[in-house]
There are 4 protein chains.
Amino acid sequence: MKMWDGRFNKPSDRLMEAFHNSLPFDKTLLDEDIAGSAAWSRALKSAGILSAGELAKIEKGLRRIAEAGGKNALAFLPADEDIHMAVERLLTDKIGTAGAKLHTGRSRNDQVATDVRLYVKKSLSAIIESIALLQKALLARAEKECDIIIPAYTHLQQAQPVLLAHYWLSFLFALERDKDRIAHARSTADQCPLGAGAVAGTGFAIDRGELAKDLGFSGPMPNSIDAVASRDYLLEALSAIASIGITLSRYAEDLIVWSSKEFGIIELDDAWSSGSSMMPQKKNPDSLELIRGKCGRFIGNYTRLAVTVKGVGLAYFKDLQEDKEPLFDSVTNIRITLAVFRRIIATLAVHRTAAAALLDPLLLATDLADYLVVKGVPFRQAHKAVGRIVAYCAENKCAISKVPVALLQSFHPLFGRDAVKVFSWERALAHREVLGGTGRKSVARQIAQAKRILRKGPR
Amino acid sequence: MKMWDGRFNKPSDRLMEAFHNSLPFDKTLLDEDIAGSAAWSRALKSAGILSAGELAKIEKGLRRIAEAGGKNALAFLPADEDIHMAVERLLTDKIGTAGAKLHTGRSRNDQVATDVRLYVKKSLSAIIESIALLQKALLARAEKECDIIIPAYTHLQQAQPVLLAHYWLSFLFALERDKDRIAHARSTADQCPLGAGAVAGTGFAIDRGELAKDLGFSGPMPNSIDAVASRDYLLEALSAIASIGITLSRYAEDLIVWSSKEFGIIELDDAWSSGSSMMPQKKNPDSLELIRGKCGRFIGNYTRLAVTVKGVGLAYFKDLQEDKEPLFDSVTNIRITLAVFRRIIATLAVHRTAAAALLDPLLLATDLADYLVVKGVPFRQAHKAVGRIVAYCAENKCAISKVPVALLQSFHPLFGRDAVKVFSWERALAHREVLGGTGRKSVARQIAQAKRILRKGPR
Amino acid sequence: MKMWDGRFNKPSDRLMEAFHNSLPFDKTLLDEDIAGSAAWSRALKSAGILSAGELAKIEKGLRRIAEAGGKNALAFLPADEDIHMAVERLLTDKIGTAGAKLHTGRSRNDQVATDVRLYVKKSLSAIIESIALLQKALLARAEKECDIIIPAYTHLQQAQPVLLAHYWLSFLFALERDKDRIAHARSTADQCPLGAGAVAGTGFAIDRGELAKDLGFSGPMPNSIDAVASRDYLLEALSAIASIGITLSRYAEDLIVWSSKEFGIIELDDAWSSGSSMMPQKKNPDSLELIRGKCGRFIGNYTRLAVTVKGVGLAYFKDLQEDKEPLFDSVTNIRITLAVFRRIIATLAVHRTAAAALLDPLLLATDLADYLVVKGVPFRQAHKAVGRIVAYCAENKCAISKVPVALLQSFHPLFGRDAVKVFSWERALAHREVLGGTGRKSVARQIAQAKRILRKGPR
Amino acid sequence: MKMWDGRFNKPSDRLMEAFHNSLPFDKTLLDEDIAGSAAWSRALKSAGILSAGELAKIEKGLRRIAEAGGKNALAFLPADEDIHMAVERLLTDKIGTAGAKLHTGRSRNDQVATDVRLYVKKSLSAIIESIALLQKALLARAEKECDIIIPAYTHLQQAQPVLLAHYWLSFLFALERDKDRIAHARSTADQCPLGAGAVAGTGFAIDRGELAKDLGFSGPMPNSIDAVASRDYLLEALSAIASIGITLSRYAEDLIVWSSKEFGIIELDDAWSSGSSMMPQKKNPDSLELIRGKCGRFIGNYTRLAVTVKGVGLAYFKDLQEDKEPLFDSVTNIRITLAVFRRIIATLAVHRTAAAALLDPLLLATDLADYLVVKGVPFRQAHKAVGRIVAYCAENKCAISKVPVALLQSFHPLFGRDAVKVFSWERALAHREVLGGTGRKSVARQIAQAKRILRKGPR
């Protein structure tokens with residue numbers, strides 16, 4: 001027995017029922033479905049379709065279903081093809097006729113769209129909170145690690161010395177853009193489709209403005225066809241989540257490399273590492289690897305939904321039932337991933353001595369070229385001269401910081417006795433007090449800016 | 001001869017040069033590179049690195065390169081590995097020493113990031129304009145076609161009658177969200193990385209706030225590592241473009257179906273159709289099909305860049321050179337696609353008679369159920385009763401609008417003589433004056449709302 | 001308590017345990033894990049590591065675990081981080097010391113790779129069977145519907161008349177390539193990694209040739225690093241599955257269009273259709289839409305895994321734990337999708353009269369041009385002449401088959417009185433007896449060929 | 001003037017012409033188009049449509065066009081919408097009437113499908129050659145570097161010692177599967193669609209078996225609808241190419257890490273490295289990074305085409321014109337990428353001393369556990385005991401190879417004086433002579449096997 005089978009002569013095939021049934025995953029939407037149905041009932045009452053008594057019965061019935069749901073005590077039937085039909089059926093079983101009136105003027109098309117938008121708003125808010133917590137962990141490390149100098153890498157080759165704090169802050173600021181994208185995706189989702197009916201607008205005099213307000217939306221969607229057809233807000237949410245995933249994957253990649261014995265800059269806490277089933281010595285940064293690996297899922301979920309939505313015309317096709325699994329999967333996994341990364345950051349150990357041992361004076365080759373620039377040498381010539389010194393050092397296996405002035409002068413006559421002063425980590429930092437640079441004061445200003453951002457809180 | 005080859009003993013392999021060379025595509029950035037270099041020169045002047053005379057030479061030299069570029073008259077060399085090195089080399093060839101000072105305190109890392117962000121800002125603004133033009137074409141049709149009733153489809157089965165204007169408006173409102181996403185992507189791109197240097201911040205006292213302002217950015221990026229590493233703004237742009245592509249593909253799909261002889265609702269202008277090399281009778285909606293097909297490219301370009309960016313740590317890897325081709329491709333193709341769709345919309349013919357002939361009274365089955373609801377019948381019972389009437393009509397091959405009242409009453413006793421009044425397209429519309437519904441007044445209100453949106457103009 | 005925690009001072013964090021635990025999904029591999037462990041025990045026995053008694057105990061213990069697993073009666077613990085550790089732990093709980101010897105010389109790296117390859121081989125064989133069943137359903141329809149002529153469409157515009165049987169056969173032959181790709185993916189998976197150990201090869205004298213044979217593999221993988229690192233066979237399987245999904249989606253798209261009232265060629269059985277929660281008249285081809293929609297998942301699963309595998313170096317990273325969910329999901333869903341499509345094909349109704357009504361004489365315009373060709377007119381001229389006749393008919397709203405000879409001659413003098421004979425569906429078929437064409441004999445030959453293919457059975 | 005415009009009243013819009021025109025990219029198919037047309041002419045001659053004289057004219061005309069094409073001297077017109085129409089137009093311009101007969105019984109649908117299949121066959125053969133050359137470079141290194149021991153890594157943590165030769169061989173064997181997939185994709189493409197006409201089969205008595213043979217195909221496609229609709233062979237080719245890309249990216253990732261100062265195992269030749277525009281000391285493994293980065297393109301091209309093909313029904317839609325650019329892009333880029341990787345491998349330097357310095361005795365922890373196993377200790381207990389020794393060493397900062405026997409015995413009583421013998425790289429290798437293991441003899445056997453594979457040559 002289906003809710004819609006009046007015109008059918010035959011029941012669904014069993015295999016069709018299994019294929020078609022979305023209850024195993026869309027029951028996630030129970031709370032949203034109940035909230036949507038309660039608001040719809042109030043709207044029907046305002047429109048004169050339901051009496052006060054019927055409304056009261058429905059609201060009470062829905063509350064009971066929500067309670068049972070909270071206790072995982074709902075008895076679903078095979079014919080309950082989705083959570084929406086299940087709630088209506090359970091309600092009608094409980095309260096009779098009034099329940100059978102709930103779906104008046106409503107279609108699953110606008111109902112599902114409403115439920116999913118409520119879920120998206122809630123979930124994206126939670127993700128914003130999770131990002132902010134990770135940012136706070138990064139801020140704490142940045143404040144703590146303002147005195148550790150590490151090599152910054154480009155192409156995984158030592159580039160220039162930076163404060164470790166500067167690195168943590170780069171992560172924090174990158175996440176700020178991710179947070180902002182999630183907030184925008186939330187605002188896109190924040191329009192109410194309910195009252196759009198199947199496609200043409202409900203046939204009853206519903207006040208959609210009031211209804212939207214009742215459900216906490218910023219307003220109603222302006223066109224009923226678009227209201228039931230739109231899935232772009234899901235794609236926006238999934239791509240914003242994928243962007244977080246990519247940010248996390250890139251930093252995880254760095255930290256995995258830094259965890260190697262060869263780099264040795266950091267070490268994960270035992271609680272966030274794993275061993276090997278075979279090799280007793282192994283301590284692997286598994287948590288970071290999983291974070292990196294999960295990024296495939298976030299990009300894949302976006303692709304998956306994009307392919308499906310791209311493939312259908314207007315207004316609604318059953319293809320779109322496939323929108324929920326990638327959404328739930330991305331939301332669930334990004335939240336745990338963010339939480340894990342926060343804990344990893346909060347608990348990892350920095351091996352200061354190992355980090356210091358990595359610092360090669362070649363990191364200051366740019367500063368040596370800049371030294372010449374200050375003496376008036378065009379940068380390209382300065383770059384070339386220092387490049388030749390580097391080649392000389394490589395060939396002769398000597399440290400660039402130990403090259404005698406006379407030899408330096410053979411590469412460029414403007415090198416003076418003070419050239420050797422370039423080989424100071426502190427001097428290098430002091431030359432990078434530019435806004436956003438790795439100078440100590442600049443990093444302090446970044447910390448202050450980060451605090452302001454985090455204090456302001458998620459939008 | 002490379003700009004950076006001081007420390008190298010051997011030149012690049014020829015194959016390496018070809019593999020590595022990005023000039024064939026990144027010359028697209030010529031104008032942005034020149035603007036960036038001119039602003040950088042002014043900043044170097046303010047920082048005391050360049051004299052007023054040197055600055056004047058550089059600015060003049062860059063202007064000449066820009067002019068030559070505008071005439072496609074730049075002579076590139078094989079050793080010009082990218083547009084950035086090419087411009088610096090051309091400049092130095094022209095003006096000598098001053099040119100060799102241009103790159104002081106700058107790295108390609110921050111330079112390229114700046115150029116690309118300038119390009120993204122410009123391109124997304126152009127896309128916003130293109131969307132607005134398509135919306136205007138849709139508005140014009142909506143105003144013109146307020147009196148044509150067509151079947152709205154769900155599952156490609158006739159669902160309910162709607163005004164064709166209502167349909168065009170659904171497209172317009174969907175595009176509004178696409179436009180808003182592009183605007184957000186533009187604001188994400190609107191931060192200036194210049195002055196970040198290779199990774200640690202430039203070694204000179206550059207006023208990055210002034211520099212950002214000079215280039216028309218809202219402000220400087222707050223952290224130098226993040227400034228050179230960030231590619232999230234590209235992914236946001238590419239996913240926002242993909243979303244437009246998906247919107248266009250879905251409407252193209254509808255219009256292709258409507259162009260079939262069997263539907264026959266619309267017909268593309270000859271100027272936007274093609275014939276067959278073999279079958280003389282063919283008139284194919286090729287332009288719509290290409291629009292639909294191009295969507296694969298937009299999703300693919302996003303995936304392509306996401307895979308590449310996901311695969312690298314911080315701060316910069318050469319992998320990221322692969323970011324430009326998908327960007328340019330998506331920008332170029334979405335712009336032409338939007339322009340083509342606008343012209344298709346503006347020129348297509350609507351076959352009113354054919355559209356009218358499609359309207360099946362079954363489109364009003366919901367209204368018949370609603371009729372019972374108004375009489376107090378719970379919707380579920382009304383739905384079932386009407387469903388059975390539909391089954392009866394299918395079996396007996398009769399029109400639902402022609403079923404005698406007595407027979408209707410055999411399905412539900414509350415059917416009255418006035419039930420037949422339900423079978424009026426005008427009545428159905430009149431029952432959908434809900435906000436966003438397809439009622440004539442509702443559609444007029446939507447048109448007014450659309451005008452307000454379009455008058456306000458892109459953000 | 002973990003199997004590998006000797007060197008750890010702290011237990012895993014609870015959140016880490018949840019994040020890291022793959023048991024909820026990799027328990028799917030229970031049978032494969034037990035088969036692999038049993039074979040490994042036999043190999044250890046041959047290598048003198050296990051005694052006959054120990055082997056017997058292990059084999060018996062494993063059998064019991066398999067039985068309990070079959071009854072869903074295994075008691076897993078939170079510390080059982082995956083099915084492999086769970087089986088080893090359960091075994092050791094049951095049989096003591098001998099169980100603790102099972103993992104000798106083995107690593108989860110080669111163990112998991114072996115289990116997954118066994119699973120892939122089994123699953124791909126099942127998919128081959130499912131494809132063959134769908135092909136048989138198509139063959140049955142082709143044999144039954146050799147006398148129904150429908151318009152073949154290109155660009156969704158009527159192109160040329162074809163036998164419906166010809167269309168079903170096109171589906172059958174397309175699936176044959178899909179089947180062949182799955183068979184190839186199966187052969188790629190058919191190499192045994194067991195004995196590769198963690199990465200360098202097991203430290204014991206295992207006969208890997210015998211071991212591979214024991215497990216039904218064609219042979220051992222030739223290099224231990226590659227054996228544990230390889231995931232290409234999964235990507236091959238996932239892309240082969242995606243290809244099936246795309247084939248099914250394309251045919252589903254056609255059948256959805258053909259199910260519309262406007263085309264009306266076919267109608268799905270009630271058992272494979274659904275109704276609307278709001279609109280009582282609706283009968284939607286939901287099963288076909290879901291098939292089409294599920295294709296997003298198949299492509300997405302491929303992308304998802306490709307992104308993850310692409311992102312890691314050698315030999316093993318925990319990222320690769322993410323390989324199983326997309327695999328299981330694609331396997332499960334393609335199997336049900338194929339089964340559903342088979343049932344849809346077997347039960348759908350063809351509306352012969354409606355199909356016949358669609359046939360427009362313009363479908364024979366090519367034949368009219370070919371008529372001129374036979375008279376010696378170059379095809380391009382013939383095409384143009386007939387094109388003008390088509391334009392004339394469109395303008396004058398007349399059927400091309402009714403244009404008088406005299407008028408035809410005004411378009412080209414070589415039209416004779418016999419030109420009208422072109423307008424015969426039978427004649428058009430008869431002119432397409434070319435191999436693979438839609439002529440009746442050609443279709444009969446295709447049916448015979450299809451029977452041979454299916455008789456031969458899956459490779 | 002279009003070839004198909006008989007029925008059109010208006011010319012194409014200029015923008016439509018630009019949007020629609022595929023000549024800028026499909027001119028890549030010139031040779032294939034000419035080969036296809038020549039074969040088709042011969043078939044038309046056999047079918048009595050063309051005279052011997054006409055055929056001779058056509059063949060000569062086509063040869064001239066091919067020659068002009070080879071010199072880049074073809075004069076295309078704006079109305080030449082694709083290479084196929086351009087060739088027919090050029091031919092007709094040259095030879096008149098006979099040229100206008102060329103397209104008799106043929107459609108662009110089967111023509112394009114034929115050209116692309118010819119291109120795919122040719123390109124995949126070239127890719128197979130390129131893979132074989134890379135494999136040979138790896139074999140050469142493997143033969144040369146049989147005496148260098150490096151740490152094998154899992155999770156980027158030192159795992160077990162292996163011969164560098166063993167590592168190169170892992171790459172070689174992985175590529176063998178890639179080669180095999182390309183060969184299968186080639187065999188899928190190896191069926192001839194020509195003669196399928198627009199969709200229903202050509203209207204003339206063409207011997208498609210002969211025609212297929214003339215063009216070097218294994219046979220004709222068995223069904224005309226499938227012949228023009230099929231794009232699965234392209235997706236198979238693109239996914240096989242993506243798999244190569246993933247293999248290359250994973251090994252590139254390893255080699256980039258190994259090129260870091262911190263690992264220092266290898267160093268790229270100057271000819272395959274690049275410097276920095278700002279930092280004079282930099283020598284970056286850019287070529288490897290680009291190889292890694294290009295993988296995004298290969299996966300993206302697959303996704304792109306999959307999305308487009310998935311979105312269309314049968315038989316042909318203009319969407320499918322979008323199939324060529326991703327194909328050409330993937331083919332071109334994988335070929336150069338393979339060639340570059342080969343040269344990188346052939347020219348890189350291995351730093352033996354640095355590699356040796358990395359070897360940590362902890363790499364032999366498994367061997368220490370295996371030592372206990374041989375003494376009868378169940379592996380799990382041995383693993384735990386050794387794990388505790390590792391923890392002890394970490395805490396006390398001592399080398400595991402220096403732990404006195406007495407202390408070892410405190411962790412497990414079965415440790416004897418010979419336990420220390422475990423700490424020998426040679427012994428570790430000698431214990432891994434299992435098939436596929438890193439033992440010296442095993443590696444020699446692998447080299448012999450690799451030679452056999454490469455001698456056999458591509459299929």
# chains A, B, ... in the order shown; residues from 1 in each chain; ligands from 1
>>> residues_around(residues="Ala306 of chain B", least_positions_apart="3", cutoff="8 Å", atoms="only C-alpha atoms", output="PyMOL selection string")
(chain A and resi 246+299) or (chain B and resi 235+302-303+309-310) or (chain D and resi 296)
>>> write_last_selection(atoms="N, CA and C atoms", output="mmCIF file, in the first residue's frame")
data_model
loop_
_atom_site.group_PDB
_atom_site.id
_atom_site.type_symbol
_atom_site.label_atom_id
_atom_site.label_comp_id
_atom_site.auth_asym_id
_atom_site.auth_seq_id
_atom_site.Cartn_x
_atom_site.Cartn_y
_atom_site.Cartn_z
ATOM 1 N N ILE A 246 40.573 20.083 0.684
ATOM 2 C CA ILE A 246 41.829 20.325 -0.037
ATOM 3 C C ILE A 246 42.807 21.095 0.846
ATOM 4 N N ILE A 299 35.915 15.545 -2.987
ATOM 5 C CA ILE A 299 35.887 15.916 -4.406
ATOM 6 C C ILE A 299 34.968 14.965 -5.167
ATOM 7 N N LEU B 235 39.516 27.427 -7.426
ATOM 8 C CA LEU B 235 38.545 26.336 -7.342
ATOM 9 C C LEU B 235 37.147 26.895 -7.099
ATOM 10 N N TYR B 302 36.989 21.834 -13.171
ATOM 11 C CA TYR B 302 37.041 21.894 -11.706
ATOM 12 C C TYR B 302 37.768 20.666 -11.148
ATOM 13 N N THR B 303 37.338 19.496 -11.589
ATOM 14 C CA THR B 303 37.950 18.254 -11.107
ATOM 15 C C THR B 303 39.447 18.251 -11.355
ATOM 16 N N VAL B 309 45.670 20.537 -7.199
ATOM 17 C CA VAL B 309 45.932 21.327 -5.990
ATOM 18 C C VAL B 309 45.932 20.426 -4.764
ATOM 19 N N LYS B 310 44.999 19.490 -4.738
ATOM 20 C CA LYS B 310 44.935 18.555 -3.607
ATOM 21 C C LYS B 310 46.245 17.801 -3.427
ATOM 22 N N GLY D 296 46.261 15.695 -12.905
ATOM 23 C CA GLY D 296 44.934 16.306 -12.731
ATOM 24 C C GLY D 296 44.214 16.412 -14.059
#
>>> interface_residues(of="chain D", to="chain B", cutoff="6 Å", atoms="only C-alpha atoms", output="PyMOL selection string")
chain D and resi 4+10-13+107+270-271+275-278+286+289-290+293+296-297+300+303-304+307-308+318-319
>>> write_last_selection(atoms="N, CA, C and O atoms", output="mmCIF file, in the first residue's frame")
data_model
loop_
_atom_site.group_PDB
_atom_site.id
_atom_site.type_symbol
_atom_site.label_atom_id
_atom_site.label_comp_id
_atom_site.auth_asym_id
_atom_site.auth_seq_id
_atom_site.Cartn_x
_atom_site.Cartn_y
_atom_site.Cartn_z
ATOM 1 N N TRP D 4 24.591 21.464 -45.837
ATOM 2 C CA TRP D 4 23.310 20.853 -45.451
ATOM 3 C C TRP D 4 22.167 21.863 -45.425
ATOM 4 O O TRP D 4 21.147 21.621 -44.814
ATOM 5 N N LYS D 10 17.567 30.775 -43.457
ATOM 6 C CA LYS D 10 18.487 31.795 -42.965
ATOM 7 C C LYS D 10 19.841 31.160 -42.745
ATOM 8 O O LYS D 10 19.932 29.989 -42.365
ATOM 9 N N PRO D 11 20.905 31.921 -42.953
ATOM 10 C CA PRO D 11 22.234 31.379 -42.658
ATOM 11 C C PRO D 11 22.448 31.333 -41.146
ATOM 12 O O PRO D 11 21.712 31.939 -40.369
ATOM 13 N N SER D 12 23.492 30.610 -40.752
ATOM 14 C CA SER D 12 23.873 30.574 -39.335
ATOM 15 C C SER D 12 24.289 31.965 -38.874
ATOM 16 O O SER D 12 24.866 32.736 -39.645
ATOM 17 N N ASP D 13 24.004 32.237 -37.626
ATOM 18 C CA ASP D 13 24.512 33.455 -37.011
ATOM 19 C C ASP D 13 26.045 33.336 -36.921
ATOM 20 O O ASP D 13 26.586 32.247 -36.751
ATOM 21 N N SER D 107 27.327 9.426 -43.553
ATOM 22 C CA SER D 107 26.898 10.527 -42.699
ATOM 23 C C SER D 107 28.116 10.967 -41.904
ATOM 24 O O SER D 107 29.051 10.195 -41.711
ATOM 25 N N ASP D 270 70.732 18.824 -14.053
ATOM 26 C CA ASP D 270 70.435 20.240 -14.295
ATOM 27 C C ASP D 270 69.468 20.435 -15.458
ATOM 28 O O ASP D 270 68.585 21.296 -15.407
ATOM 29 N N ALA D 271 69.639 19.602 -16.478
ATOM 30 C CA ALA D 271 68.830 19.776 -17.687
ATOM 31 C C ALA D 271 67.346 19.532 -17.436
ATOM 32 O O ALA D 271 66.504 19.897 -18.254
ATOM 33 N N GLY D 275 65.428 26.764 -11.758
ATOM 34 C CA GLY D 275 65.796 27.618 -10.645
ATOM 35 C C GLY D 275 64.639 28.503 -10.249
ATOM 36 O O GLY D 275 63.513 28.343 -10.716
ATOM 37 N N SER D 276 64.930 29.423 -9.359
ATOM 38 C CA SER D 276 63.910 30.340 -8.859
ATOM 39 C C SER D 276 64.194 31.730 -9.391
ATOM 40 O O SER D 276 65.357 32.127 -9.535
ATOM 41 N N SER D 277 63.123 32.485 -9.657
ATOM 42 C CA SER D 277 63.314 33.846 -10.140
ATOM 43 C C SER D 277 63.871 34.746 -9.043
ATOM 44 O O SER D 277 64.443 35.777 -9.302
ATOM 45 N N MET D 278 63.692 34.324 -7.790
ATOM 46 C CA MET D 278 64.108 35.174 -6.668
ATOM 47 C C MET D 278 65.256 34.590 -5.867
ATOM 48 O O MET D 278 66.138 35.295 -5.440
ATOM 49 N N ASP D 286 61.411 20.587 -11.019
ATOM 50 C CA ASP D 286 60.197 21.038 -11.712
ATOM 51 C C ASP D 286 59.616 20.012 -12.663
ATOM 52 O O ASP D 286 58.394 19.910 -12.806
ATOM 53 N N GLU D 289 57.562 17.664 -10.798
ATOM 54 C CA GLU D 289 56.358 18.314 -10.286
ATOM 55 C C GLU D 289 55.312 18.494 -11.381
ATOM 56 O O GLU D 289 54.116 18.282 -11.165
ATOM 57 N N LEU D 290 55.782 18.866 -12.570
ATOM 58 C CA LEU D 290 54.834 19.018 -13.681
ATOM 59 C C LEU D 290 54.206 17.678 -14.044
ATOM 60 O O LEU D 290 53.018 17.601 -14.366
ATOM 61 N N GLY D 293 51.687 17.154 -11.546
ATOM 62 C CA GLY D 293 50.569 18.086 -11.731
ATOM 63 C C GLY D 293 49.707 17.733 -12.932
ATOM 64 O O GLY D 293 48.496 17.931 -12.913
ATOM 65 N N GLY D 296 46.261 15.695 -12.905
ATOM 66 C CA GLY D 296 44.934 16.306 -12.731
ATOM 67 C C GLY D 296 44.214 16.412 -14.059
ATOM 68 O O GLY D 296 43.008 16.173 -14.159
ATOM 69 N N ARG D 297 44.960 16.725 -15.063
ATOM 70 C CA ARG D 297 44.420 16.881 -16.407
ATOM 71 C C ARG D 297 43.903 15.545 -16.948
ATOM 72 O O ARG D 297 42.834 15.482 -17.568
ATOM 73 N N GLY D 300 40.838 14.755 -15.032
ATOM 74 C CA GLY D 300 39.827 15.751 -15.416
ATOM 75 C C GLY D 300 39.282 15.503 -16.816
ATOM 76 O O GLY D 300 38.084 15.655 -17.060
ATOM 77 N N THR D 303 36.784 12.707 -16.554
ATOM 78 C CA THR D 303 35.548 13.181 -15.933
ATOM 79 C C THR D 303 34.739 14.023 -16.915
ATOM 80 O O THR D 303 33.525 13.868 -17.046
ATOM 81 N N ARG D 304 35.455 14.917 -17.566
ATOM 82 C CA ARG D 304 34.822 15.817 -18.522
ATOM 83 C C ARG D 304 34.040 15.058 -19.587
ATOM 84 O O ARG D 304 32.872 15.346 -19.853
ATOM 85 N N VAL D 307 31.032 12.984 -18.102
ATOM 86 C CA VAL D 307 29.864 13.818 -17.808
ATOM 87 C C VAL D 307 29.069 14.086 -19.083
ATOM 88 O O VAL D 307 27.841 13.975 -19.108
ATOM 89 N N THR D 308 29.773 14.409 -20.131
ATOM 90 C CA THR D 308 29.087 14.771 -21.374
ATOM 91 C C THR D 308 28.397 13.560 -21.992
ATOM 92 O O THR D 308 27.230 13.641 -22.380
ATOM 93 N N LYS D 318 24.880 16.641 -30.671
ATOM 94 C CA LYS D 318 26.021 17.530 -30.900
ATOM 95 C C LYS D 318 26.896 17.634 -29.650
ATOM 96 O O LYS D 318 28.076 17.995 -29.744
ATOM 97 N N ASP D 319 26.343 17.336 -28.491
ATOM 98 C CA ASP D 319 27.150 17.313 -27.272
ATOM 99 C C ASP D 319 28.439 16.525 -27.500
ATOM 100 O O ASP D 319 29.490 16.839 -26.928
#
>>> atom_distance(atom1="atom CA of Lys456 of chain B", atom2="atom CA of Leu175 of chain B")
15.0 Å
>>> select_by_dssp(residues="segment 66-252 of chain C", states="strand (DSSP E)", output="CSV table (one decimal) with N, CA, C and O atoms, in the first residue's frame")
chain,number,residue,atom,x,y,z
C,149,ILE,N,8.2,-0.8,-36.4
C,149,ILE,CA,9.0,0.2,-37.0
C,149,ILE,C,8.9,1.5,-36.1
C,149,ILE,O,7.8,1.9,-35.8
C,150,ILE,N,10.0,2.1,-35.7
C,150,ILE,CA,9.9,3.3,-34.9
C,150,ILE,C,10.9,4.3,-35.6
C,150,ILE,O,11.7,3.9,-36.4
C,151,PRO,N,10.7,5.6,-35.3
C,151,PRO,CA,11.7,6.5,-35.8
C,151,PRO,C,13.0,6.4,-35.0
C,151,PRO,O,12.9,6.3,-33.8
C,152,ALA,N,14.1,6.3,-35.7
C,152,ALA,CA,15.4,6.5,-34.9
C,152,ALA,C,15.6,8.0,-34.8
C,152,ALA,O,15.3,8.7,-35.7
C,153,TYR,N,16.2,8.4,-33.7
C,153,TYR,CA,16.4,9.8,-33.5
C,153,TYR,C,17.9,10.1,-33.4
C,153,TYR,O,18.7,9.4,-32.9
C,154,THR,N,18.2,11.2,-34.0
C,154,THR,CA,19.5,11.9,-33.7
C,154,THR,C,19.1,13.3,-33.3
C,154,THR,O,18.2,13.9,-33.9
C,157,GLN,N,15.6,14.5,-32.9
C,157,GLN,CA,14.8,14.8,-34.1
C,157,GLN,C,14.7,13.5,-34.9
C,157,GLN,O,15.6,12.7,-35.0
C,158,GLN,N,13.5,13.3,-35.5
C,158,GLN,CA,13.3,12.0,-36.3
C,158,GLN,C,14.3,12.0,-37.4
C,158,GLN,O,14.5,12.9,-38.1
C,159,ALA,N,15.0,10.8,-37.5
C,159,ALA,CA,16.1,10.7,-38.4
C,159,ALA,C,15.7,9.7,-39.6
C,159,ALA,O,15.5,10.1,-40.7
C,160,GLN,N,15.6,8.4,-39.2
C,160,GLN,CA,15.3,7.4,-40.2
C,160,GLN,C,14.5,6.3,-39.5
C,160,GLN,O,14.6,6.1,-38.3
C,161,PRO,N,13.7,5.6,-40.3
C,161,PRO,CA,12.9,4.5,-39.6
C,161,PRO,C,13.8,3.3,-39.3
C,161,PRO,O,14.7,2.9,-40.1
C,162,VAL,N,13.6,2.7,-38.2
C,162,VAL,CA,14.4,1.5,-37.8
C,162,VAL,C,13.4,0.5,-37.2
C,162,VAL,O,12.3,0.9,-36.6
C,163,LEU,N,13.8,-0.8,-37.2
C,163,LEU,CA,13.0,-1.8,-36.4
C,163,LEU,C,13.3,-1.6,-35.0
C,163,LEU,O,14.5,-1.3,-34.6
